[in-house]
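Peer 1: I'm passing along entry21.json; it holds JSON, C-alpha atoms.
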```json
[["chain", "number", "residue", "atom", "x", "y", "z"],
["A", 1, "MET", "CA", 26.92, -51.95, 9.27],
["A", 2, "PRO", "CA", 23.37, -53.37, 9.43],
["A", 3, "SER", "CA", 21.98, -54.07, 12.85],
["A", 4, "THR", "CA", 19.31, -56.34, 14.24],
["A", 5, "ALA", "CA", 19.25, -54.40, 17.53],
["A", 6, "PHE", "CA", 15.98, -52.83, 16.45],
["A", 7, "ALA", "CA", 14.15, -55.85, 15.07],
["A", 8, "ASP", "CA", 10.67, -56.05, 16.57],
["A", 9, "THR", "CA", 11.65, -53.98, 19.59],
["A", 10, "GLN", "CA", 8.53, -52.92, 21.45],
["A", 11, "LEU", "CA", 8.65, -50.39, 24.28],
["A", 12, "ARG", "CA", 6.07, -49.66, 26.99],
["A", 13, "THR", "CA", 5.25, -46.69, 29.15],
["A", 14, "PRO", "CA", 2.43, -46.39, 31.68],
["A", 15, "ARG", "CA", 0.00, -45.17, 28.99],
["A", 16, "CYS", "CA", 1.64, -46.03, 25.67],
["A", 17, "ILE", "CA", 3.03, -48.84, 23.60],
["A", 18, "LEU", "CA", 5.76, -48.02, 21.10],
["A", 19, "ARG", "CA", 5.78, -50.75, 18.48],
["A", 20, "PRO", "CA", 7.29, -51.30, 15.04],
["A", 21, "PHE", "CA", 5.35, -50.12, 12.02],
["A", 22, "ARG", "CA", 3.08, -52.47, 10.08],
["A", 23, "PRO", "CA", 1.64, -52.08, 6.57],
["A", 24, "ALA", "CA", -1.76, -51.46, 8.20],
["A", 25, "ASP", "CA", -0.35, -48.25, 9.75],
["A", 26, "LEU", "CA", -0.25, -46.50, 6.38],
["A", 27, "ALA", "CA", -3.58, -44.70, 6.89],
["A", 28, "GLY", "CA", -2.53, -43.49, 10.37],
["A", 29, "VAL", "CA", 0.81, -42.19, 9.09],
["A", 30, "PHE", "CA", -1.02, -40.37, 6.29],
["A", 31, "GLU", "CA", -3.51, -38.96, 8.80],
["A", 32, "GLY", "CA", -0.60, -37.44, 10.72],
["A", 33, "LEU", "CA", 1.82, -36.46, 7.97],
["A", 34, "GLY", "CA", -0.98, -35.17, 5.78],
["A", 35, "ASP", "CA", -2.43, -32.94, 8.50],
["A", 36, "PRO", "CA", -1.32, -29.29, 8.12],
["A", 37, "ARG", "CA", -1.27, -28.85, 11.92],
["A", 38, "VAL", "CA", 1.15, -31.76, 12.37],
["A", 39, "VAL", "CA", 3.47, -30.88, 9.48],
["A", 40, "GLU", "CA", 3.48, -27.12, 10.03],
["A", 41, "HIS", "CA", 6.91, -27.42, 11.68],
["A", 42, "TYR", "CA", 7.85, -30.86, 10.39],
["A", 43, "GLY", "CA", 10.15, -31.60, 7.48],
["A", 44, "VAL", "CA", 7.99, -34.28, 5.84],
["A", 45, "ARG", "CA", 4.46, -34.05, 4.45],
["A", 46, "TYR", "CA", 2.34, -36.17, 2.12],
["A", 47, "ALA", "CA", -0.56, -35.22, -0.11],
["A", 48, "THR", "CA", -1.80, -38.75, -0.86],
["A", 49, "LEU", "CA", -2.16, -42.07, 0.88],
["A", 50, "GLU", "CA", -0.13, -43.70, -1.88],
["A", 51, "GLY", "CA", 2.68, -41.19, -1.46],
["A", 52, "THR", "CA", 2.85, -41.95, 2.23],
["A", 53, "THR", "CA", 4.22, -45.43, 1.45],
["A", 54, "GLU", "CA", 7.54, -43.60, 1.00],
["A", 55, "GLN", "CA", 7.54, -42.85, 4.74],
["A", 56, "LEU", "CA", 6.84, -46.47, 5.73],
["A", 57, "ASP", "CA", 9.62, -47.53, 3.33],
["A", 58, "TRP", "CA", 11.98, -45.08, 5.08],
["A", 59, "TYR", "CA", 11.11, -46.47, 8.53],
["A", 60, "ALA", "CA", 11.87, -50.00, 7.25],
["A", 61, "ARG", "CA", 15.07, -48.97, 5.45],
["A", 62, "ILE", "CA", 16.70, -47.20, 8.40],
["A", 63, "GLN", "CA", 15.88, -50.16, 10.60],
["A", 64, "ARG", "CA", 17.30, -52.61, 8.06],
["A", 65, "GLU", "CA", 20.46, -50.51, 7.62],
["A", 66, "GLY", "CA", 20.90, -50.06, 11.38],
["A", 67, "THR", "CA", 20.82, -46.27, 11.09],
["A", 68, "GLY", "CA", 17.63, -45.77, 13.05],
["A", 69, "GLN", "CA", 14.42, -47.03, 14.57],
["A", 70, "TRP", "CA", 11.04, -45.35, 14.66],
["A", 71, "TRP", "CA", 8.03, -46.64, 16.53],
["A", 72, "CYS", "CA", 4.28, -46.17, 16.26],
["A", 73, "ILE", "CA", 2.98, -44.50, 19.38],
["A", 74, "CYS", "CA", -0.22, -46.25, 20.45],
["A", 75, "LEU", "CA", -2.33, -46.00, 23.57],
["A", 76, "ALA", "CA", -1.79, -49.07, 25.74],
["A", 77, "GLU", "CA", -5.45, -50.04, 25.50],
["A", 78, "ALA", "CA", -5.48, -49.71, 21.68],
["A", 79, "SER", "CA", -2.15, -50.98, 20.36],
["A", 80, "ASP", "CA", -3.49, -51.36, 16.84],
["A", 81, "ARG", "CA", -4.31, -47.61, 16.52],
["A", 82, "LEU", "CA", -1.39, -45.31, 15.74],
["A", 83, "ILE", "CA", -1.64, -41.88, 17.41],
["A", 84, "GLY", "CA", 1.84, -40.70, 16.47],
["A", 85, "ALA", "CA", 5.41, -41.77, 15.93],
["A", 86, "CYS", "CA", 8.84, -41.22, 17.44],
["A", 87, "GLY", "CA", 12.31, -42.54, 17.02],
["A", 88, "VAL", "CA", 15.98, -42.07, 16.38],
["A", 89, "ASN", "CA", 17.63, -41.79, 13.00],
["A", 90, "ASP", "CA", 20.92, -40.75, 11.43],
["A", 91, "ILE", "CA", 22.76, -42.98, 13.89],
["A", 92, "ASP", "CA", 26.51, -42.53, 13.57],
["A", 93, "ARG", "CA", 28.07, -45.48, 15.38],
["A", 94, "GLU", "CA", 31.63, -44.13, 15.21],
["A", 95, "HIS", "CA", 30.69, -40.92, 16.99],
["A", 96, "ARG", "CA", 27.86, -42.51, 19.02],
["A", 97, "ARG", "CA", 25.27, -39.92, 18.05],
["A", 98, "ALA", "CA", 21.74, -39.87, 16.65],
["A", 99, "GLU", "CA", 18.83, -37.54, 15.99],
["A", 100, "ILE", "CA", 15.42, -37.79, 17.68],
["A", 101, "GLY", "CA", 12.15, -37.03, 15.97],
["A", 102, "TYR", "CA", 8.47, -37.29, 16.83],
["A", 103, "TRP", "CA", 4.94, -36.29, 15.87],
["A", 104, "LEU", "CA", 1.51, -36.80, 17.39],
["A", 105, "LEU", "CA", -2.02, -36.53, 16.04],
["A", 106, "PRO", "CA", -3.65, -33.27, 17.23],
["A", 107, "ALA", "CA", -6.44, -35.08, 19.13],
["A", 108, "TYR", "CA", -3.74, -36.29, 21.55],
["A", 109, "TRP", "CA", -1.83, -33.02, 22.04],
["A", 110, "GLY", "CA", -1.56, -31.55, 25.52],
["A", 111, "ARG", "CA", -1.82, -34.85, 27.43],
["A", 112, "GLY", "CA", 1.89, -35.52, 28.03],
["A", 113, "LEU", "CA", 1.83, -38.54, 25.71],
["A", 114, "ALA", "CA", 4.61, -37.26, 23.44],
["A", 115, "ARG", "CA", 6.83, -36.60, 26.45],
["A", 116, "GLU", "CA", 6.16, -40.10, 27.79],
["A", 117, "ALA", "CA", 6.86, -41.79, 24.45],
["A", 118, "VAL", "CA", 9.93, -39.72, 23.55],
["A", 119, "ALA", "CA", 11.42, -40.27, 27.02],
["A", 120, "GLU", "CA", 11.12, -44.03, 26.49],
["A", 121, "ALA", "CA", 12.76, -43.82, 23.06],
["A", 122, "LEU", "CA", 15.60, -41.83, 24.64],
["A", 123, "ARG", "CA", 16.03, -44.39, 27.43],
["A", 124, "HIS", "CA", 16.24, -47.14, 24.83],
["A", 125, "ALA", "CA", 18.80, -45.27, 22.72],
["A", 126, "PHE", "CA", 21.08, -44.57, 25.67],
["A", 127, "ALA", "CA", 20.74, -47.99, 27.32],
["A", 128, "HIS", "CA", 20.66, -50.36, 24.34],
["A", 129, "LEU", "CA", 22.28, -48.55, 21.43],
["A", 130, "ALA", "CA", 25.29, -47.05, 23.25],
["A", 131, "ILE", "CA", 24.38, -43.59, 21.94],
["A", 132, "HIS", "CA", 26.24, -40.76, 23.67],
["A", 133, "ARG", "CA", 24.63, -37.70, 22.01],
["A", 134, "ILE", "CA", 21.06, -37.28, 20.81],
["A", 135, "GLY", "CA", 20.33, -34.13, 18.87],
["A", 136, "ALA", "CA", 17.18, -32.45, 17.62],
["A", 137, "ASP", "CA", 16.66, -29.67, 15.09],
["A", 138, "VAL", "CA", 13.52, -27.64, 15.77],
["A", 139, "ASP", "CA", 11.80, -24.99, 13.67],
["A", 140, "MET", "CA", 12.12, -21.62, 15.44],
["A", 141, "GLU", "CA", 8.32, -21.29, 15.60],
["A", 142, "ASN", "CA", 7.75, -24.76, 17.07],
["A", 143, "HIS", "CA", 7.46, -23.66, 20.68],
["A", 144, "ALA", "CA", 5.74, -26.86, 21.81],
["A", 145, "SER", "CA", 8.58, -29.04, 20.55],
["A", 146, "ALA", "CA", 11.22, -26.77, 22.10],
["A", 147, "ALA", "CA", 9.33, -26.95, 25.42],
["A", 148, "LEU", "CA", 9.12, -30.75, 25.23],
["A", 149, "LEU", "CA", 12.87, -31.05, 24.68],
["A", 150, "ALA", "CA", 13.60, -28.62, 27.52],
["A", 151, "ALA", "CA", 11.32, -30.63, 29.83],
["A", 152, "LEU", "CA", 13.29, -33.77, 28.91],
["A", 153, "GLY", "CA", 16.56, -32.06, 29.87],
["A", 154, "PHE", "CA", 17.88, -31.14, 26.42],
["A", 155, "THR", "CA", 20.23, -28.18, 26.13],
["A", 156, "ARG", "CA", 19.55, -25.56, 23.48],
["A", 157, "GLU", "CA", 22.94, -25.20, 21.80],
["A", 158, "GLY", "CA", 22.12, -22.47, 19.33],
["A", 159, "VAL", "CA", 20.60, -21.69, 15.97],
["A", 160, "ARG", "CA", 21.43, -23.16, 12.56],
["A", 161, "ARG", "CA", 20.84, -20.11, 10.37],
["A", 162, "GLY", "CA", 19.24, -20.75, 6.97],
["A", 163, "TYR", "CA", 19.59, -24.48, 7.57],
["A", 164, "GLU", "CA", 16.56, -25.78, 5.65],
["A", 165, "MET", "CA", 14.35, -24.66, 2.82],
["A", 166, "LYS", "CA", 10.63, -24.46, 3.55],
["A", 167, "ASP", "CA", 8.12, -23.30, 0.98],
["A", 168, "GLY", "CA", 10.99, -22.01, -1.13],
["A", 169, "ARG", "CA", 12.65, -19.90, 1.55],
["A", 170, "PRO", "CA", 15.46, -20.62, 4.03],
["A", 171, "ILE", "CA", 14.50, -21.11, 7.66],
["A", 172, "ASP", "CA", 16.50, -21.22, 10.87],
["A", 173, "LEU", "CA", 16.44, -24.22, 13.18],
["A", 174, "GLN", "CA", 17.18, -24.42, 16.89],
["A", 175, "LEU", "CA", 19.72, -27.09, 17.78],
["A", 176, "PHE", "CA", 19.15, -29.13, 20.96],
["A", 177, "SER", "CA", 21.13, -31.99, 22.45],
["A", 178, "LEU", "CA", 21.10, -34.44, 25.32],
["A", 179, "LEU", "CA", 24.23, -36.36, 26.30],
["A", 180, "ALA", "CA", 24.28, -39.72, 28.04],
["A", 181, "THR", "CA", 26.44, -38.05, 30.70],
["A", 182, "ASP", "CA", 23.90, -35.28, 31.38],
["A", 183, "GLY", "CA", 22.05, -35.74, 34.65],
["A", 184, "ALA", "CA", 18.73, -35.48, 32.80],
["A", 185, "ALA", "CA", 19.65, -38.45, 30.60],
["A", 186, "ARG", "CA", 19.68, -40.67, 33.68],
["A", 187, "THR", "CA", 16.18, -39.59, 34.69],
["A", 188, "VAL", "CA", 14.26, -39.68, 31.37]]
```
Using the file provided, produce a representation of the structure as structure tokens.

Peer 2:
Amino acid sequence: MPSTAFADTQLRTPRCILRPFRPADLAGVFEGLGDPRVVEHYGVRYATLEGTTEQLDWYARIQREGTGQWWCICLAEASDRLIGACGVNDIDREHRRAEIGYWLLPAYWGRGLAREAVAEALRHAFAHLAIHRIGADVDMENHASAALLAALGFTREGVRRGYEMKDGRPIDLQLFSLLATDGAARTV
């Protein structure tokens, strides 16, 4: 069932603005999803600017279908310059669950910006989308992402063995979740 709950939703944190994607964000998305450091543990990568239009199309499609919403992460003082992205996708309304995802340009790593932005996306999902469970699958070697989720109160549920193929070989993923009823969900 399509939803307009996401249309033009903009979120704010003390240092960031999370806003919908625009066609002008194509170069910033390519900068991130074409950077080997960003995509090392990420499931999507692009080799060309033109190919990256597929990602912008996906952001628009999940919003249109009501199955997700991703935002550009921008610094509050430069809302036209994308520094990363975060959002929820694979929303299952019957079971009130979704998946969270995020990435940030390396120049902005280590400043707490991803934590700030992802926390706001979580707040929005719990408060406005009636989501009960938010999950995240994390590459076993992505220690920074696992630490971010732990800091946000996610529980590590286990390992999905051989869950994805990467460079032609199966890899394991850690499974994390945060429930609306978890104490941490009320404080993100």

Peer 1: Could you give me, as a tab-separated table, every segment 43-103 of chain A residue with an atom at most 10 Å from segment 113-126 of chain A, plus its closest atom pair and distance in Å to one decimal, counting only C-alpha atoms, rows ordered by chain then number?

Peer 2:
```
residue	atom	partner	partner_atom	distance
A:Gly68	CA	A:Ala125	CA	9.8
A:Gln69	CA	A:Ala121	CA	9.2
A:Trp70	CA	A:Ala121	CA	8.7
A:Trp71	CA	A:Ala121	CA	8.5
A:Cys72	CA	A:Ala117	CA	9.6
A:Ile73	CA	A:Ala117	CA	6.9
A:Cys74	CA	A:Ala117	CA	9.3
A:Leu75	CA	A:Leu113	CA	8.8
A:Ile83	CA	A:Leu113	CA	9.6
A:Gly84	CA	A:Ala114	CA	8.3
A:Ala85	CA	A:Ala117	CA	8.6
A:Cys86	CA	A:Val118	CA	6.4
A:Gly87	CA	A:Ala121	CA	6.2
A:Val88	CA	A:Ala121	CA	7.6
A:Ile91	CA	A:Ala125	CA	9.9
A:Arg96	CA	A:Phe126	CA	9.7
A:Arg97	CA	A:Ala125	CA	9.6
A:Ala98	CA	A:Ala125	CA	8.6
A:Ile100	CA	A:Leu122	CA	8.0
A:Gly101	CA	A:Val118	CA	8.3
A:Tyr102	CA	A:Val118	CA	7.3
A:Trp103	CA	A:Ala114	CA	7.6
```

Peer 1: Name all residues at most 10 Å from Leu56 of chain A (count all atoms listed in the file; drop same-chain ones fewer than 6 positions away) and give them as an mmCIF file with C-alpha atoms, in the frame of the given file.

Peer 2:
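File produced: selection.cif:
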```cif
data_model
loop_
_atom_site.group_PDB
_atom_site.id
_atom_site.type_symbol
_atom_site.label_atom_id
_atom_site.label_comp_id
_atom_site.auth_asym_id
_atom_site.auth_seq_id
_atom_site.Cartn_x
_atom_site.Cartn_y
_atom_site.Cartn_z
ATOM 1 C CA PHE A 21 5.350 -50.120 12.020
ATOM 2 C CA ARG A 22 3.080 -52.470 10.080
ATOM 3 C CA PRO A 23 1.640 -52.080 6.570
ATOM 4 C CA ASP A 25 -0.350 -48.250 9.750
ATOM 5 C CA LEU A 26 -0.250 -46.500 6.380
ATOM 6 C CA VAL A 29 0.810 -42.190 9.090
ATOM 7 C CA PHE A 30 -1.020 -40.370 6.290
ATOM 8 C CA TRP A 70 11.040 -45.350 14.660
#
```

Peer 1: Which is closer to Arg15 of chain A than all the others in A:Gly43, A:Pro106, A:Pro36, A:Gly112, using all atoms listed in the file?

Peer 2: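 Residue with the minimum atom-to-atom distance to Arg15 of chain A: A:Gly112.
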
Peer 1: Using all atoms listed in the file for the distances, tell me which of A:Val188, A:Leu129, A:Ala78, A:Leu11 is nearest to Ala150 of chain A.

Peer 2: A:Val188

Peer 1: Nearest to Gly28 of chain A: which of A:Asn89, A:Thr181, A:Thr155, A:Thr53 is it, counting all atoms listed in the file?

Peer 2: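 The closest residue to Gly28 of chain A is A:Thr53.
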
Peer 1: Considering all atoms listed in the file, can you say which of A:His128, A:Glu157, A:Arg186, A:Leu105 comes closest to Val39 of chain A?

Peer 2: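 Residue with the minimum atom-to-atom distance to Val39 of chain A: A:Leu105.
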
Peer 1: Which residue out of A:Tyr59, A:Phe176, A:Tyr42, A:Tyr163 has the minimum interatomic distance to Asp90 of chain A when all atoms listed in the file are used?

Peer 2: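 Of A:Tyr59, A:Phe176, A:Tyr42, A:Tyr163, the one nearest Asp90 of chain A, counting all atoms listed in the file, is A:Tyr59.
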
Peer 1: Which value, in Å to one decimal, gives the distance between atom CA of Ala127 of chain A and atom CA of Arg64 of chain A?

Peer 2: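 Value for the atom CA of Ala127 of chain A-atom CA of Arg64 of chain A distance: 20.1 Å.
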
Peer 1: Kindly give the distance, in Å, that separates atom CA of Leu173 of chain A and atom CA of Val38 of chain A, rounded to a single decimal.

Peer 2: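 Taking atom CA of Leu173 of chain A as the start and atom CA of Val38 of chain A as the end point, the length is 17.1 Å.
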
Peer 1: Between atom CA of Asp57 of chain A and atom CA of Asp137 of chain A, measure the distance and give it in Å to one decimal.

Peer 2: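 Those two atoms sit 22.5 Å apart.
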
Peer 1: Have a look at A:Glu77, A:Tyr108, A:Glu65, A:Ala24 and name the one nearest to Arg93 of chain A; count only C-alpha atoms.

Peer 2: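 When distances to Arg93 of chain A are compared using only C-alpha atoms, the smallest one comes from A:Glu65.
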
Peer 1: So which residues are close to (0.4, -31.8, 1.7), meaning at most 12 Å away in the file's coordinates with only C-alpha atoms counted, and can you show them as a PDB file with C-alpha atoms, keeping the file's coordinate frame?

Peer 2:
```pdb
ATOM      1  CA  PHE A  30      -1.020 -40.370   6.290  1.00  0.00           C
ATOM      2  CA  GLU A  31      -3.510 -38.960   8.800  1.00  0.00           C
ATOM      3  CA  GLY A  32      -0.600 -37.440  10.720  1.00  0.00           C
ATOM      4  CA  LEU A  33       1.820 -36.460   7.970  1.00  0.00           C
ATOM      5  CA  GLY A  34      -0.980 -35.170   5.780  1.00  0.00           C
ATOM      6  CA  ASP A  35      -2.430 -32.940   8.500  1.00  0.00           C
ATOM      7  CA  PRO A  36      -1.320 -29.290   8.120  1.00  0.00           C
ATOM      8  CA  ARG A  37      -1.270 -28.850  11.920  1.00  0.00           C
ATOM      9  CA  VAL A  38       1.150 -31.760  12.370  1.00  0.00           C
ATOM     10  CA  VAL A  39       3.470 -30.880   9.480  1.00  0.00           C
ATOM     11  CA  GLU A  40       3.480 -27.120  10.030  1.00  0.00           C
ATOM     12  CA  TYR A  42       7.850 -30.860  10.390  1.00  0.00           C
ATOM     13  CA  GLY A  43      10.150 -31.600   7.480  1.00  0.00           C
ATOM     14  CA  VAL A  44       7.990 -34.280   5.840  1.00  0.00           C
ATOM     15  CA  ARG A  45       4.460 -34.050   4.450  1.00  0.00           C
ATOM     16  CA  TYR A  46       2.340 -36.170   2.120  1.00  0.00           C
ATOM     17  CA  ALA A  47      -0.560 -35.220  -0.110  1.00  0.00           C
ATOM     18  CA  THR A  48      -1.800 -38.750  -0.860  1.00  0.00           C
ATOM     19  CA  LEU A  49      -2.160 -42.070   0.880  1.00  0.00           C
ATOM     20  CA  GLY A  51       2.680 -41.190  -1.460  1.00  0.00           C
ATOM     21  CA  THR A  52       2.850 -41.950   2.230  1.00  0.00           C
ATOM     22  CA  ASP A 167       8.120 -23.300   0.980  1.00  0.00           C
TER      23      ASP A 167
END
```
